[in-house]
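Q: Input structure: input_13.txt, which contains compact mmCIF, C-alpha atoms and all ligand atoms.
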# COMPACT_ATOMS: atom_id res chain seq x y z
CA MET A 250 -5.76 56.37 -74.05
CA THR A 251 -7.05 52.78 -73.74
CA GLN A 252 -7.31 49.97 -76.29
CA PHE A 253 -11.11 50.59 -76.38
CA ASP A 254 -11.19 54.34 -77.15
CA GLU A 255 -11.86 53.91 -80.89
CA LEU A 256 -14.18 50.91 -80.57
CA ALA A 257 -17.48 52.33 -79.29
CA ARG A 258 -19.36 52.07 -82.58
CA ARG A 259 -17.97 48.58 -83.08
CA TYR A 260 -19.27 47.47 -79.67
CA ASP A 261 -22.70 48.97 -80.41
CA ASP A 262 -22.72 46.92 -83.62
CA THR A 263 -21.82 43.70 -81.75
CA ALA A 264 -25.10 44.05 -79.84
CA GLU A 265 -26.87 43.27 -83.14
CA LEU A 266 -24.94 40.05 -83.73
CA PRO A 267 -27.31 37.08 -83.37
CA TRP A 268 -25.35 35.37 -80.57
CA ARG A 269 -25.38 38.54 -78.44
CA LYS A 270 -28.91 39.62 -79.34
CA HIS A 271 -30.60 36.22 -79.09
CA MET A 272 -28.49 34.35 -76.52
CA GLU A 273 -26.12 36.43 -74.39
CA MET A 274 -28.39 39.40 -73.70
CA PRO A 275 -31.59 37.42 -73.00
CA THR A 276 -29.61 35.00 -70.81
CA VAL A 277 -27.93 37.78 -68.80
CA LEU A 278 -31.15 39.80 -68.47
CA GLY A 279 -32.91 36.58 -67.37
CA VAL A 280 -30.24 36.03 -64.69
CA LEU A 281 -30.72 39.64 -63.53
CA GLY A 282 -34.48 39.07 -63.18
CA ASP A 283 -36.83 41.79 -62.03
CA LEU A 284 -35.06 45.15 -62.02
CA ALA A 285 -38.02 47.34 -61.13
CA GLU A 286 -36.89 49.96 -58.62
CA ALA A 287 -33.31 48.62 -58.60
CA ALA A 288 -30.25 50.86 -58.48
CA VAL A 289 -27.80 49.37 -60.98
CA LEU A 290 -24.13 50.10 -61.55
CA GLU A 291 -22.66 48.94 -64.83
CA LEU A 292 -18.90 48.65 -64.55
CA GLY A 293 -17.05 48.77 -67.88
CA CYS A 294 -20.22 49.80 -69.70
CA GLY A 295 -18.45 50.41 -73.01
CA SER A 296 -20.85 51.98 -75.50
CA GLY A 297 -23.77 51.46 -73.09
CA VAL A 298 -25.41 48.36 -74.56
CA TYR A 299 -26.41 46.90 -71.19
CA ALA A 300 -26.98 50.23 -69.44
CA ARG A 301 -29.72 50.96 -71.99
CA ALA A 302 -31.16 47.44 -71.73
CA VAL A 303 -31.22 47.54 -67.92
CA ARG A 304 -32.85 50.95 -67.93
CA GLY A 305 -35.39 49.57 -70.41
CA ARG A 306 -36.15 46.82 -67.89
CA GLY A 307 -37.30 49.38 -65.35
CA ALA A 308 -34.22 49.97 -63.20
CA ALA A 309 -34.85 53.09 -61.14
CA ARG A 310 -31.27 54.35 -61.38
CA VAL A 311 -28.52 53.31 -63.79
CA VAL A 312 -24.97 54.54 -63.32
CA ALA A 313 -22.60 53.35 -66.04
CA VAL A 314 -18.83 53.80 -65.71
CA ASP A 315 -15.94 53.07 -68.00
CA GLU A 316 -12.27 54.00 -68.01
CA SER A 317 -12.32 54.60 -71.77
CA GLU A 318 -13.02 58.21 -72.73
CA GLY A 319 -13.99 57.16 -76.27
CA MET A 320 -16.57 54.68 -75.00
CA ILE A 321 -18.10 57.16 -72.54
CA ALA A 322 -18.15 59.99 -75.12
CA HIS A 323 -20.12 57.73 -77.48
CA ALA A 324 -22.49 56.54 -74.73
CA LYS A 325 -23.10 60.12 -73.58
CA ALA A 326 -23.81 61.25 -77.16
CA ARG A 327 -26.46 58.53 -77.43
CA GLU A 328 -27.85 59.55 -74.05
CA ARG A 329 -28.18 63.16 -75.25
CA ASP A 330 -30.29 61.89 -78.18
CA GLU A 331 -32.28 59.24 -76.33
CA GLN A 332 -32.71 60.86 -72.89
CA LEU A 333 -33.01 57.57 -71.01
CA GLY A 334 -31.77 59.04 -67.74
CA ILE A 335 -28.56 56.99 -67.57
CA GLU A 336 -25.65 58.58 -65.67
CA TYR A 337 -22.38 57.92 -67.54
CA LEU A 338 -19.03 58.51 -65.84
CA CYS A 339 -15.50 58.15 -67.15
CA GLY A 340 -13.05 56.93 -64.51
CA PRO A 341 -13.42 55.34 -61.12
CA LEU A 342 -16.70 55.29 -59.23
CA PRO A 343 -16.83 58.29 -56.83
CA GLY A 344 -16.38 57.26 -53.18
CA ALA A 345 -19.74 58.82 -52.33
CA GLU A 346 -21.44 56.05 -54.36
CA LYS A 347 -20.29 53.30 -51.96
CA GLY A 348 -23.16 51.11 -50.79
CA ASN A 349 -25.63 52.70 -53.23
CA PHE A 350 -26.41 49.79 -55.58
CA ASP A 351 -28.59 46.66 -55.58
CA LEU A 352 -26.76 45.21 -58.55
CA VAL A 353 -23.38 45.63 -60.25
CA LEU A 354 -23.06 44.28 -63.78
CA ALA A 355 -19.70 43.80 -65.50
CA VAL A 356 -19.96 42.28 -68.98
CA TYR A 357 -16.54 41.34 -70.40
CA VAL A 358 -14.66 43.54 -67.93
CA LEU A 359 -12.85 41.15 -65.55
CA PRO A 360 -10.77 39.87 -68.50
CA TYR A 361 -9.16 43.32 -68.75
CA ALA A 362 -7.60 43.15 -65.32
CA THR A 363 -3.96 42.39 -66.13
CA THR A 364 -2.85 41.20 -62.68
CA VAL A 365 -4.45 39.43 -59.71
CA GLN A 366 -4.11 42.73 -57.85
CA GLU A 367 -6.15 44.54 -60.50
CA LEU A 368 -8.71 41.75 -60.54
CA THR A 369 -8.98 41.92 -56.75
CA ALA A 370 -9.31 45.71 -56.81
CA LEU A 371 -12.17 45.47 -59.34
CA CYS A 372 -14.01 42.93 -57.17
CA GLU A 373 -13.41 44.99 -54.01
CA THR A 374 -14.71 48.15 -55.70
CA THR A 375 -17.78 46.21 -56.76
CA PHE A 376 -18.35 44.78 -53.28
CA ALA A 377 -18.06 48.25 -51.74
CA ALA A 378 -20.55 49.70 -54.24
CA LEU A 379 -23.25 47.20 -53.26
CA ARG A 380 -25.89 47.47 -50.59
CA PRO A 381 -26.17 44.55 -48.14
CA GLN A 382 -27.49 41.49 -50.05
CA GLY A 383 -26.58 43.16 -53.35
CA ARG A 384 -25.60 41.10 -56.40
CA PHE A 385 -22.68 41.16 -58.76
CA VAL A 386 -23.13 39.56 -62.19
CA ALA A 387 -19.96 39.31 -64.29
CA LEU A 388 -18.94 37.71 -67.58
CA PRO A 389 -15.29 36.61 -67.57
CA ILE A 390 -13.67 34.40 -70.21
CA HIS A 391 -15.09 30.91 -69.75
CA PRO A 392 -12.59 28.45 -68.24
CA GLN A 393 -13.51 25.98 -71.02
CA TRP A 394 -13.26 28.40 -73.97
CA SER A 395 -12.01 26.83 -77.20
CA ASP A 396 -8.65 27.94 -78.54
CA GLU A 397 -9.31 26.50 -82.02
CA THR A 398 -8.66 29.55 -84.25
CA ASP A 399 -11.98 29.58 -86.10
CA TYR A 400 -14.18 28.02 -83.43
CA TYR A 401 -16.20 31.24 -82.82
CA LEU A 402 -15.87 32.68 -86.34
CA ARG A 403 -19.53 32.08 -87.18
CA TYR A 404 -20.39 34.46 -84.31
CA GLY A 405 -18.23 37.26 -85.74
CA PHE A 406 -15.12 36.89 -83.59
CA GLN A 407 -12.05 34.80 -82.90
CA LEU A 408 -10.43 34.08 -79.55
CA THR A 409 -6.85 32.90 -79.69
CA SER A 410 -3.79 32.52 -77.52
CA ASP A 411 -0.32 31.19 -78.15
CA GLN A 412 0.37 30.84 -74.44
CA PRO A 413 -0.48 28.13 -71.90
CA ARG A 414 -3.85 28.56 -70.19
CA GLU A 415 -2.70 30.13 -66.95
CA ASP A 416 -3.83 33.04 -64.78
CA GLY A 417 -3.33 36.40 -66.46
CA GLY A 418 -2.32 34.79 -69.75
CA PRO A 419 -3.06 37.06 -72.74
CA VAL A 420 -5.89 36.07 -75.06
CA THR A 421 -6.51 37.93 -78.31
CA LEU A 422 -10.11 38.77 -79.16
CA THR A 423 -10.55 39.68 -82.83
CA ILE A 424 -13.92 41.10 -83.83
CA ARG A 425 -14.56 40.54 -87.54
CA SER A 426 -17.10 42.24 -89.76
CA GLY A 427 -16.87 41.86 -93.54
CA ASP A 428 -13.28 42.66 -94.49
CA SER A 429 -12.54 44.63 -91.34
CA GLU A 430 -11.17 43.31 -88.09
CA VAL A 431 -10.09 44.77 -84.80
CA SER A 432 -8.25 43.06 -81.95
CA VAL A 433 -8.00 43.64 -78.22
CA THR A 434 -5.97 41.80 -75.62
CA ALA A 435 -7.89 40.17 -72.79
CA ARG A 436 -6.69 37.96 -69.92
CA TYR A 437 -7.67 34.46 -68.91
CA TRP A 438 -8.49 33.88 -65.24
CA SER A 439 -9.09 30.34 -63.97
CA ALA A 440 -12.33 29.40 -62.22
CA ALA A 441 -10.40 28.80 -58.98
CA THR A 442 -8.77 32.25 -59.10
CA LEU A 443 -12.02 34.03 -59.96
CA GLU A 444 -13.83 32.32 -57.08
CA GLU A 445 -11.00 32.95 -54.65
CA VAL A 446 -10.72 36.63 -55.56
CA LEU A 447 -14.49 37.13 -55.31
CA ARG A 448 -14.67 35.42 -51.92
CA THR A 449 -11.65 37.40 -50.69
CA ALA A 450 -13.43 40.59 -51.77
CA GLY A 451 -16.27 39.51 -49.48
CA PHE A 452 -18.86 37.76 -51.66
CA GLY A 453 -20.64 35.01 -49.72
CA SER A 454 -21.83 32.99 -52.70
CA VAL A 455 -20.49 32.62 -56.22
CA GLU A 456 -22.68 30.68 -58.69
CA TRP A 457 -21.96 29.81 -62.32
CA ARG A 458 -24.92 30.27 -64.70
CA GLN A 459 -25.38 28.75 -68.16
CA HIS A 460 -26.18 30.45 -71.46
CA SER A 461 -29.41 29.36 -73.10
CA VAL A 462 -31.13 29.90 -76.43
CA SER A 463 -34.87 30.37 -76.75
CA PRO A 464 -36.81 27.86 -78.91
CA ALA A 465 -37.57 30.73 -81.32
CA ALA A 466 -33.86 31.63 -81.75
CA MET A 467 -32.98 27.93 -82.05
CA ALA A 468 -35.53 27.56 -84.85
CA GLU A 469 -34.48 30.80 -86.59
CA TYR A 470 -30.72 30.12 -86.73
CA GLY A 471 -30.67 26.32 -86.44
CA GLU A 472 -28.94 23.94 -84.03
CA GLU A 473 -25.74 23.91 -86.07
CA TYR A 474 -25.31 27.68 -85.63
CA TRP A 475 -25.63 27.49 -81.84
CA HIS A 476 -23.73 24.26 -81.31
CA ASN A 477 -20.19 25.59 -80.92
CA TYR A 478 -21.10 28.35 -78.51
CA LEU A 479 -23.30 26.22 -76.28
CA ALA A 480 -20.71 23.40 -76.23
CA ARG A 481 -17.85 25.73 -75.29
CA PRO A 482 -19.00 29.29 -74.50
CA HIS A 483 -16.34 31.98 -74.74
CA ALA A 484 -17.79 33.74 -71.66
CA ALA A 485 -19.00 32.44 -68.33
CA ILE A 486 -21.73 34.06 -66.25
CA LEU A 487 -20.90 34.54 -62.57
CA ASP A 488 -23.68 35.43 -60.16
CA CYS A 489 -22.33 36.59 -56.79
CA GLN A 490 -24.17 37.61 -53.66
CA LYS A 491 -22.89 40.07 -51.06
C1 LIG B 501 -15.01 44.33 -74.01
S1 LIG B 501 -15.60 45.91 -73.54
C2 LIG B 501 -17.26 45.50 -73.06
C3 LIG B 501 -18.17 46.68 -73.07
C4 LIG B 501 -19.60 46.40 -72.62
N1 LIG B 501 -19.63 45.90 -71.23
C5 LIG B 501 -20.30 45.45 -73.55
O1 LIG B 501 -20.63 44.34 -73.12
O2 LIG B 501 -20.55 45.81 -74.72
C6 LIG B 501 -14.78 46.14 -71.97
C7 LIG B 501 -14.97 47.53 -71.41
O3 LIG B 501 -14.52 47.52 -70.04
C8 LIG B 501 -13.81 48.72 -69.80
N2 LIG B 501 -12.94 48.49 -68.63
C9 LIG B 501 -11.99 47.56 -68.50
N3 LIG B 501 -11.43 47.62 -67.27
C10 LIG B 501 -12.07 48.62 -66.62
C11 LIG B 501 -11.95 49.19 -65.31
N4 LIG B 501 -11.06 48.72 -64.42
N5 LIG B 501 -12.77 50.21 -64.97
C12 LIG B 501 -13.67 50.69 -65.87
N6 LIG B 501 -13.83 50.20 -67.11
C13 LIG B 501 -13.05 49.18 -67.48
C14 LIG B 501 -13.10 48.99 -71.10
O4 LIG B 501 -12.71 50.35 -71.21
C15 LIG B 501 -14.14 48.58 -72.12
O5 LIG B 501 -14.97 49.64 -72.50
Step by step, read the file and then write its structure as structure tokens.
Ligand SMILES: C[S@@+](CC[C@H](N)C(=O)[O-])C[C@H]1O[C@@H](n2cnc3c(N)ncnc32)[C@H](O)[C@@H]1O

A:
Amino acid sequence: MTQFDELARRYDDTAELPWRKHMEMPTVLGVLGDLAEAAVLELGCGSGVYARAVRGRGAARVVAVDESEGMIAHAKARERDEQLGIEYLCGPLPGAEKGNFDLVLAVYVLPYATTVQELTALCETTFAALRPQGRFVALPIHPQWSDETDYYLRYGFQLTSDQPREDGGPVTLTIRSGDSEVSVTARYWSAATLEEVLRTAGFGSVEWRQHSVSPAAMAEYGEEYWHNYLARPHAAILDCQK
């Protein structure tokens, strides 16, 4: 049982929130670029939001893994209806898949490593899954996230911590929708630790990418809506090359 088992529907719904739909997803898919013919592994796929998007972008093979049985059951149920050809797996990536992927994507997964050892193991698994010159794109908690309680409320969530900002420190993510709310515990990892762990795992380059908002989304929601997120994003985008 994991803290995510009951949250699959909730995570599907977050994909419709304006900041995910009009900023995070277009930015991440833009960073990924052309996926035609690519073999993609999504690590920590949750309800399958990105697995479906990546498949829709023409990836030749999409394998999506998650340790949460509830998330994978939901993603597989959607796959049965939609028949997109995505392979969902609950649990660790089988050893036979080592070296099979051009790209590994991990959206909001590194924050759930609770120790440096777990973080390192995740990055090593990723490195081993990639072909030579493969890429790893990951969204950890941004080193400059705001800990003001309501800073991200307009986006449908809060991110709070009552502890000093240090490696492995717990951060509470509360997703709010109407009167309902649900919280999960994530972990903060500093930029220095993330870079060190990724380089130790073997990645030759680690670049930080910026979120951006299209002119159309800026006009639709207004500058005031986007200001807080763009000034202090809650997630960073790491683009690593094997
Ligand atoms: C915050 S959710 C994000 C889900 C999805 N990536 C998205 O963007 O909607 C984090 C997911 O990562 C999964 N997860 C965390 N650590 C993992 C690990 N070591 N291996 C596989 N899945 C993991 C959790 O079970 C959860 O479904």

Q: Show me which residues sit within 6 Å of ligand LIG 501 (chain B) when counting all atoms listed in the file, and put them as a list in words.

A: Phe253, Tyr260, Leu292, Gly293, Cys294, Gly295, Val298, Asp315, Glu316, Ser317, Met320, Val356, Tyr357, Val358 and Tyr361 of chain A

Q: Measure the distance from CA of Leu281 in chain A to CA of Leu379 in chain A in Å and round it to one decimal.

A: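 Separation of CA of Leu281 in chain A and CA of Leu379 in chain A: 14.8 Å.
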
Q: Which of these residues is nearest to Glu456 in chain A, using only C-alpha atoms: A:Phe406, A:Phe385, A:Trp475, A:Tyr437?

A: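 Smallest separation from Glu456 in chain A among the options: A:Phe385.
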
Q: Taking into account all atoms listed in the file, which residue in the set A:Met250, A:Ala326, A:Leu333, A:Leu447 is nearest to Glu373 in chain A?

A: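 Checking each candidate against Glu373 in chain A, we get A:Leu447 as the closest.
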
Q: Would you mind telling me which residue in A:Ala465, A:Cys339, A:Leu354, A:Glu415 lies nearest to Thr442 in chain A when using only C-alpha atoms?

A: A:Glu415

Q: Near Glu445 in chain A, within 12 Å and counting all atoms listed in the file, which residues show up once chain neighbours fewer than 4 positions away are dropped, as number ranges by chain?

A: A: 365, 368-369, 372, 438-441, 449-455

Q: Given the choices A:Val312, A:Ala435, A:Thr398, A:Ser429, which gets closest to Ala378 in chain A if the distance is worked out from all atoms listed in the file?

A: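 Of A:Val312, A:Ala435, A:Thr398, A:Ser429, the one nearest Ala378 in chain A is A:Val312, counting all atoms listed in the file.
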
Q: Report, in Å to a single decimal, how far apart CA of Leu443 in chain A and CA of Val353 in chain A are.

A: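 About the pair CA of Val353 in chain A and CA of Leu443 in chain A: they are 16.2 Å apart.
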
Q: Compute the distance from (-22.9, 53.8, -55.9) to each atom, counting only C-alpha atoms, keep the residues with any atom at most 12 Å away, and return them as JSON, numbers by chain; use the coordinates of the file.

A: {"A": [287, 288, 289, 290, 291, 292, 310, 311, 312, 313, 314, 336, 338, 341, 342, 343, 344, 345, 346, 347, 348, 349, 350, 351, 352, 353, 374, 375, 376, 377, 378, 379, 380, 383]}

Q: Do you have the CA of Pro419 in chain A-CA of Ala362 in chain A distance handy?

A: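 If I compute the distance from CA of Pro419 in chain A to CA of Ala362 in chain A, I get 10.6 Å.
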
Q: Could you pull out every residue with an atom within 7 Å of (-19.8, 53.4, -79.0), file coordinates, counting all atoms listed in the file, and send them as a list in words?

A: Leu256, Ala257, Arg258, Arg259, Tyr260, Asp261, Gly295, Ser296, Met320, His323 and Ala324 of chain A

Q: Could you tell me which of A:Glu286, A:Glu397, A:Glu318, A:Asp411 comes closest to Gln252 in chain A if we count all atoms listed in the file?

A: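 Smallest distance to Gln252 in chain A is found for A:Glu318.
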
Q: Choose the residue, out of A:Val386, A:Ala285, A:Leu371, A:Leu408, that has the smallest atom-to-atom separation from Val431 in chain A; count all atoms listed in the file.

A: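 With all atoms listed in the file as the atom set, the closest residue is A:Leu408.
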
Q: Tell me, as a PyMOL selection string, which residues lie within 9 Å of Gln393 in chain A, counting only C-alpha atoms; anything in the same chain fewer than 4 positions away does not count.

A: chain A and resi 481-485

Q: Around range 301-305 of chain A, with edges along x, y and z and 8 Å added on all six sides, what centre and edge lengths do you get, in Å to one decimal, as JSON?

A:
{"center_x": -32.6, "center_y": 49.2, "center_z": -70.0, "size_x": 21.7, "size_y": 19.5, "size_z": 20.1}

Q: Determine, counting all atoms listed in the file, which protein, DNA and RNA residues have an atom within 9 Å of an atom of Thr423 in chain A; residues of the same chain fewer than 2 positions away are not included. Present the result as JSON, numbers by chain.

A: {"A": [405, 406, 407, 408, 409, 421, 425, 430, 431, 432, 433, 434]}
